[in-house]
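The next block holds one structure in the form of structure tokens; read it before the comments.
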Amino acid sequence: MTKTKRILGLLVLLPAAAAQADEGGISFWLPGQFGALAAAPTEPGWSLPLIYYHVSADESANKPFPRGGRSTLGLDAKADLLFASPTYTFAEPLLGAQAAVSMVAAVGRSEVSVDATITGPRGRSFSGGVDDSLNGGSDLYLLGTLKWNHGVHNFMAYSMGNIPVGAYDPDRLVNIGLGHASLDAGGGYTYFDKENEFSAVAGMTYNWENTDVDYQNGIDAHLDWSASHFITGQTHMGLVGYFYHQLTGDSGSGATLGDFKSRVSGVGPQAGHFFKVGEQLWYSNLKGYYEFDAKNRAEGWNLWLTLVIPLSGKQ
């Protein structure tokens with residue numbers, strides 16, 4: 001197993017810090033979280049993946065969306081978030097697999113503007129444009145993975161949940177915390193022959209009720225994929241994509257617009273590069289997604305800039 005493969009395997013995921021409240025077609029799962037060689041084992045010990053995430057998206061001005069206890073029209077949203085994910089990878093196998101645990105959090109700024117607000121919290125009615133912005137921290141996310149390596153074939157199982165401690169106010173249009181707990185679990189596969197890689201990771205999310213607005217998101221399914229080629233021993237380029245589809249409808253007294261099942265797809269380019277810092281091998285990755293086929297969900301584009309820092313000696 002090459003050092004390249006082990007370092008790239010650190011690019012597992014960084015969980016969602018929603019740009020708006022959870023109910024408006026915004027999910028706990030942030031599509032695109034899994035990247036290149038997601039199922040490949042990593043070097044044992046401590047590591048620190050950092051990710052800068054930018055998203056720009058908008059919703060139709062012709063259809064109302066539930067948002068922070070309101071129904072809104074014509075939302076335009078932007079967010080800039082910095083995730084940190086201190087990760088420990090165990091040297092001793094567990095069930096024949098390499099185990100790792102991560103604790104993830106983010107800080108950042110999110111801002112939205114809407115053309116009109118139809119119904120406000122506690123039954124109040126509004127009209128005209130409204131803007132809102134927020135600087136703050138996300139929920140705390142806990143991630144566990146198990147990875148099995150068999151030559152060029154790699155397999156993974158994962159689970160992830162959140163502790164809802166992030167910046168959240170049910171009367172705001174924009175939040176960084178979700179306002180409720182969620183649990184996501186799934187599995188993935190990576191093929192890697194030292195020159196080409198293909199990864200696919202699928203999972204499902206269960207959401208508990210947001211009691212502040214009496215709203216519970218339905219169960220969703222998602223698939224992240226990556227395909228790339230190493231043009232040199234240090235640099236790879238390729239494509240990434242995702243599919244997100246809500247399987248069951250939203251519920252609760254706050255779900256005034258019905259089940260509001262959402263979906264979205266995305267695709268775009270990626271490039272990654274290894275470089276030495278002292279005796280350690282660091283890794284950077286840039287990828288972007290253009291979204292399409294959205295329903296009951298904001299649609300736009302997003303950009304991810306990743307830096308993986310090994311902390312446990314020579315690589």
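Following the order of the structure tokens, first chain is A, next is B, and so on, with residues numbered from 1 inside each chain and ligands from 1 in the order they appear.
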Would you write out, as JSON lines, a table of all residues in range 211-304 of chain A that have an atom no more than 10 Å from an atom of range 167-190 of chain A, listing for each the closest atom pair and the distance in Å to one decimal, considering only C-alpha atoms and ordering rows by chain and rising residue number?
{"residue": "A:Thr211", "atom": "CA", "partner": "A:His180", "partner_atom": "CA", "distance": 7.6}
{"residue": "A:Asp212", "atom": "CA", "partner": "A:Pro170", "partner_atom": "CA", "distance": 6.2}
{"residue": "A:Val213", "atom": "CA", "partner": "A:Pro170", "partner_atom": "CA", "distance": 6.6}
{"residue": "A:Tyr215", "atom": "CA", "partner": "A:His180", "partner_atom": "CA", "distance": 9.6}
{"residue": "A:Gln216", "atom": "CA", "partner": "A:His180", "partner_atom": "CA", "distance": 8.8}
{"residue": "A:Asn217", "atom": "CA", "partner": "A:Ser182", "partner_atom": "CA", "distance": 9.6}
{"residue": "A:Ile219", "atom": "CA", "partner": "A:Asp184", "partner_atom": "CA", "distance": 9.7}
{"residue": "A:Asp220", "atom": "CA", "partner": "A:Asp184", "partner_atom": "CA", "distance": 9.4}
{"residue": "A:Ala221", "atom": "CA", "partner": "A:Asp184", "partner_atom": "CA", "distance": 9.5}
{"residue": "A:His222", "atom": "CA", "partner": "A:Gly186", "partner_atom": "CA", "distance": 9.4}
{"residue": "A:Leu223", "atom": "CA", "partner": "A:Gly188", "partner_atom": "CA", "distance": 9.3}
{"residue": "A:Asp224", "atom": "CA", "partner": "A:Gly188", "partner_atom": "CA", "distance": 9.2}
{"residue": "A:Trp225", "atom": "CA", "partner": "A:Gly188", "partner_atom": "CA", "distance": 9.5}
{"residue": "A:Ser226", "atom": "CA", "partner": "A:Thr190", "partner_atom": "CA", "distance": 9.1}
{"residue": "A:Ala227", "atom": "CA", "partner": "A:Thr190", "partner_atom": "CA", "distance": 9.7}
How would the residues just chosen look if you wrote them out with C-alpha atoms as a CSV table (one decimal), in the first residue's frame?
chain,number,residue,atom,x,y,z
A,211,THR,CA,-38.8,20.8,18.5
A,212,ASP,CA,-38.4,24.6,18.1
A,213,VAL,CA,-40.4,24.6,14.9
A,215,TYR,CA,-40.5,20.0,12.0
A,216,GLN,CA,-38.9,16.6,11.2
A,217,ASN,CA,-37.0,16.0,8.0
A,219,ILE,CA,-35.1,9.9,5.7
A,220,ASP,CA,-32.8,10.6,2.8
A,221,ALA,CA,-30.3,8.6,0.7
A,222,HIS,CA,-27.1,9.9,-0.9
A,223,LEU,CA,-24.2,8.8,-3.1
A,224,ASP,CA,-20.8,10.6,-3.5
A,225,TRP,CA,-18.4,9.5,-6.2
A,226,SER,CA,-14.9,10.4,-7.4
A,227,ALA,CA,-12.8,9.3,-10.4
Close residues, Ser47 in chain A itself excluded, 9 Å, only C-alpha atoms, min 3 positions apart in chain, as a list of chain:residue names: A:Leu10, A:Glu43, A:Pro44, A:Ser85, A:Pro86, A:Thr87, A:Tyr88, A:Thr89, A:Val308, A:Ile309, A:Pro310, A:Leu311, A:Ser312
For the residues selected in the previous step, produce a file with all heavy atoms as an mmCIF file, in the first residue's frame.
data_model
loop_
_atom_site.group_PDB
_atom_site.id
_atom_site.type_symbol
_atom_site.label_atom_id
_atom_site.label_comp_id
_atom_site.auth_asym_id
_atom_site.auth_seq_id
_atom_site.Cartn_x
_atom_site.Cartn_y
_atom_site.Cartn_z
ATOM 1 N N LEU A 10 -7.397 10.001 4.056
ATOM 2 C CA LEU A 10 -7.836 10.930 5.080
ATOM 3 C C LEU A 10 -8.987 11.800 4.605
ATOM 4 O O LEU A 10 -9.669 12.432 5.398
ATOM 5 C CB LEU A 10 -6.670 11.839 5.503
ATOM 6 C CG LEU A 10 -5.520 11.145 6.226
ATOM 7 C CD1 LEU A 10 -4.384 12.123 6.438
ATOM 8 C CD2 LEU A 10 -5.975 10.583 7.556
ATOM 9 N N GLU A 43 -2.632 6.389 7.359
ATOM 10 C CA GLU A 43 -1.540 6.153 8.305
ATOM 11 C C GLU A 43 -2.081 6.179 9.733
ATOM 12 O O GLU A 43 -2.891 7.046 10.079
ATOM 13 C CB GLU A 43 -0.469 7.230 8.154
ATOM 14 C CG GLU A 43 0.370 7.102 6.901
ATOM 15 C CD GLU A 43 1.299 5.902 6.949
ATOM 16 O OE1 GLU A 43 1.547 5.371 8.060
ATOM 17 O OE2 GLU A 43 1.789 5.492 5.889
ATOM 18 N N PRO A 44 -1.673 5.241 10.606
ATOM 19 C CA PRO A 44 -2.106 5.280 12.010
ATOM 20 C C PRO A 44 -1.611 6.544 12.709
ATOM 21 O O PRO A 44 -0.606 7.136 12.332
ATOM 22 C CB PRO A 44 -1.447 4.026 12.604
ATOM 23 C CG PRO A 44 -1.192 3.132 11.438
ATOM 24 C CD PRO A 44 -0.875 4.046 10.291
ATOM 25 N N SER A 85 -11.091 18.795 11.546
ATOM 26 C CA SER A 85 -11.507 17.424 11.859
ATOM 27 C C SER A 85 -10.352 16.630 12.458
ATOM 28 O O SER A 85 -9.763 15.768 11.788
ATOM 29 C CB SER A 85 -12.009 16.729 10.585
ATOM 30 O OG SER A 85 -12.341 15.389 10.838
ATOM 31 N N PRO A 86 -9.970 16.902 13.719
ATOM 32 C CA PRO A 86 -8.930 16.073 14.332
ATOM 33 C C PRO A 86 -9.346 14.605 14.331
ATOM 34 O O PRO A 86 -10.447 14.257 14.764
ATOM 35 C CB PRO A 86 -8.809 16.634 15.753
ATOM 36 C CG PRO A 86 -10.042 17.442 15.972
ATOM 37 C CD PRO A 86 -10.492 17.910 14.642
ATOM 38 N N THR A 87 -8.454 13.764 13.799
ATOM 39 C CA THR A 87 -8.770 12.355 13.546
ATOM 40 C C THR A 87 -7.694 11.461 14.143
ATOM 41 O O THR A 87 -6.499 11.737 14.000
ATOM 42 C CB THR A 87 -8.870 12.101 12.032
ATOM 43 O OG1 THR A 87 -9.909 12.910 11.484
ATOM 44 C CG2 THR A 87 -9.158 10.634 11.739
ATOM 45 N N TYR A 88 -8.125 10.397 14.790
ATOM 46 C CA TYR A 88 -7.171 9.399 15.281
ATOM 47 C C TYR A 88 -7.453 8.067 14.608
ATOM 48 O O TYR A 88 -8.575 7.562 14.628
ATOM 49 C CB TYR A 88 -7.259 9.226 16.800
ATOM 50 C CG TYR A 88 -6.193 8.283 17.312
ATOM 51 C CD1 TYR A 88 -4.870 8.709 17.440
ATOM 52 C CD2 TYR A 88 -6.491 6.960 17.634
ATOM 53 C CE1 TYR A 88 -3.878 7.854 17.889
ATOM 54 C CE2 TYR A 88 -5.503 6.097 18.086
ATOM 55 C CZ TYR A 88 -4.197 6.556 18.202
ATOM 56 O OH TYR A 88 -3.207 5.694 18.638
ATOM 57 N N THR A 89 -6.415 7.498 13.985
ATOM 58 C CA THR A 89 -6.502 6.204 13.312
ATOM 59 C C THR A 89 -5.746 5.170 14.129
ATOM 60 O O THR A 89 -4.559 5.347 14.431
ATOM 61 C CB THR A 89 -5.909 6.283 11.898
ATOM 62 O OG1 THR A 89 -6.606 7.282 11.149
ATOM 63 C CG2 THR A 89 -6.028 4.946 11.190
ATOM 64 N N VAL A 308 -4.705 18.361 4.160
ATOM 65 C CA VAL A 308 -4.563 17.264 5.113
ATOM 66 C C VAL A 308 -3.174 17.337 5.741
ATOM 67 O O VAL A 308 -2.158 17.251 5.044
ATOM 68 C CB VAL A 308 -4.762 15.901 4.433
ATOM 69 C CG1 VAL A 308 -4.595 14.780 5.451
ATOM 70 C CG2 VAL A 308 -6.138 15.826 3.796
ATOM 71 N N ILE A 309 -3.135 17.489 7.068
ATOM 72 C CA ILE A 309 -1.880 17.650 7.808
ATOM 73 C C ILE A 309 -1.652 16.408 8.672
ATOM 74 O O ILE A 309 -2.396 16.176 9.622
ATOM 75 C CB ILE A 309 -1.924 18.897 8.693
ATOM 76 C CG1 ILE A 309 -2.272 20.133 7.861
ATOM 77 C CG2 ILE A 309 -0.600 19.090 9.426
ATOM 78 C CD1 ILE A 309 -2.520 21.382 8.691
ATOM 79 N N PRO A 310 -0.652 15.590 8.378
ATOM 80 C CA PRO A 310 -0.320 14.462 9.270
ATOM 81 C C PRO A 310 0.372 14.976 10.514
ATOM 82 O O PRO A 310 1.204 15.888 10.456
ATOM 83 C CB PRO A 310 0.610 13.600 8.406
ATOM 84 C CG PRO A 310 1.220 14.568 7.438
ATOM 85 C CD PRO A 310 0.218 15.650 7.192
ATOM 86 N N LEU A 311 0.053 14.385 11.673
ATOM 87 C CA LEU A 311 0.598 14.872 12.943
ATOM 88 C C LEU A 311 1.406 13.816 13.697
ATOM 89 O O LEU A 311 1.869 14.095 14.794
ATOM 90 C CB LEU A 311 -0.560 15.347 13.848
ATOM 91 C CG LEU A 311 -1.439 16.460 13.284
ATOM 92 C CD1 LEU A 311 -2.571 16.756 14.254
ATOM 93 C CD2 LEU A 311 -0.631 17.714 13.009
ATOM 94 N N SER A 312 1.566 12.648 13.105
ATOM 95 C CA SER A 312 2.169 11.534 13.855
ATOM 96 C C SER A 312 3.482 11.081 13.244
ATOM 97 O O SER A 312 3.638 9.949 12.777
ATOM 98 C CB SER A 312 1.196 10.349 13.920
ATOM 99 O OG SER A 312 0.051 10.709 14.640
#
Who sits within 9 Å of range 50-53 of chain A, only C-alpha atoms, same chain under 3 positions skipped, as a VMD selection string: chain A and resid 14 79 to 86 302 to 309
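Across the model, the gap from CA of Asn296 in chain A to CA of Asp214 in chain A is 19.0 Å.
Residues within 7 Å of Phe292 in chain A, counting only C-alpha atoms and excluding same-chain residues fewer than 5 positions away, are Val264, Ser265, Gly266 and Glu299 of chain A.
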For the selection just defined, write its residues with N, CA and C atoms to a file, as a PDB file, in the first residue's frame.
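result.pdb, freshly written:
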ATOM      1  N   VAL A 264     -31.261  16.587  -5.340  1.00  0.00           N
ATOM      2  CA  VAL A 264     -30.315  17.417  -6.086  1.00  0.00           C
ATOM      3  C   VAL A 264     -29.175  16.521  -6.553  1.00  0.00           C
ATOM      4  N   SER A 265     -28.551  16.898  -7.659  1.00  0.00           N
ATOM      5  CA  SER A 265     -27.365  16.215  -8.165  1.00  0.00           C
ATOM      6  C   SER A 265     -26.287  17.257  -8.436  1.00  0.00           C
ATOM      7  N   GLY A 266     -25.034  16.820  -8.456  1.00  0.00           N
ATOM      8  CA  GLY A 266     -23.931  17.729  -8.727  1.00  0.00           C
ATOM      9  C   GLY A 266     -22.781  17.007  -9.394  1.00  0.00           C
ATOM     10  N   GLU A 299     -30.440  25.376  -5.385  1.00  0.00           N
ATOM     11  CA  GLU A 299     -29.563  24.851  -6.431  1.00  0.00           C
ATOM     12  C   GLU A 299     -28.523  25.912  -6.781  1.00  0.00           C
TER      13      GLU A 299
END
All strand (DSSP E) positions in range 92-228 of chain A, as a ChimeraX atom specification: /A:98-119,130-137,140-150,153-163,182-192,196-207,220-228
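Distances here use only C-alpha atoms; by that measure, the residue among A:Leu281, A:Gly249, A:Thr205, A:Asn210 closest to Gln234 in chain A is A:Leu281.
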6 Å contact set for Lys147 in chain A, only C-alpha atoms, chain neighbours under 4 positions out, as a VMD selection string: chain A and resid 41 97 to 98 155 to 156
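For the pair CA of Val267 in chain A and CA of Met204 in chain A, the separation is 20.1 Å.
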Shell around Met237 in chain A at 6 Å using only C-alpha atoms, local window under 3 positions removed, as JSON, numbers by chain: {"A": [228, 229, 270, 271]}
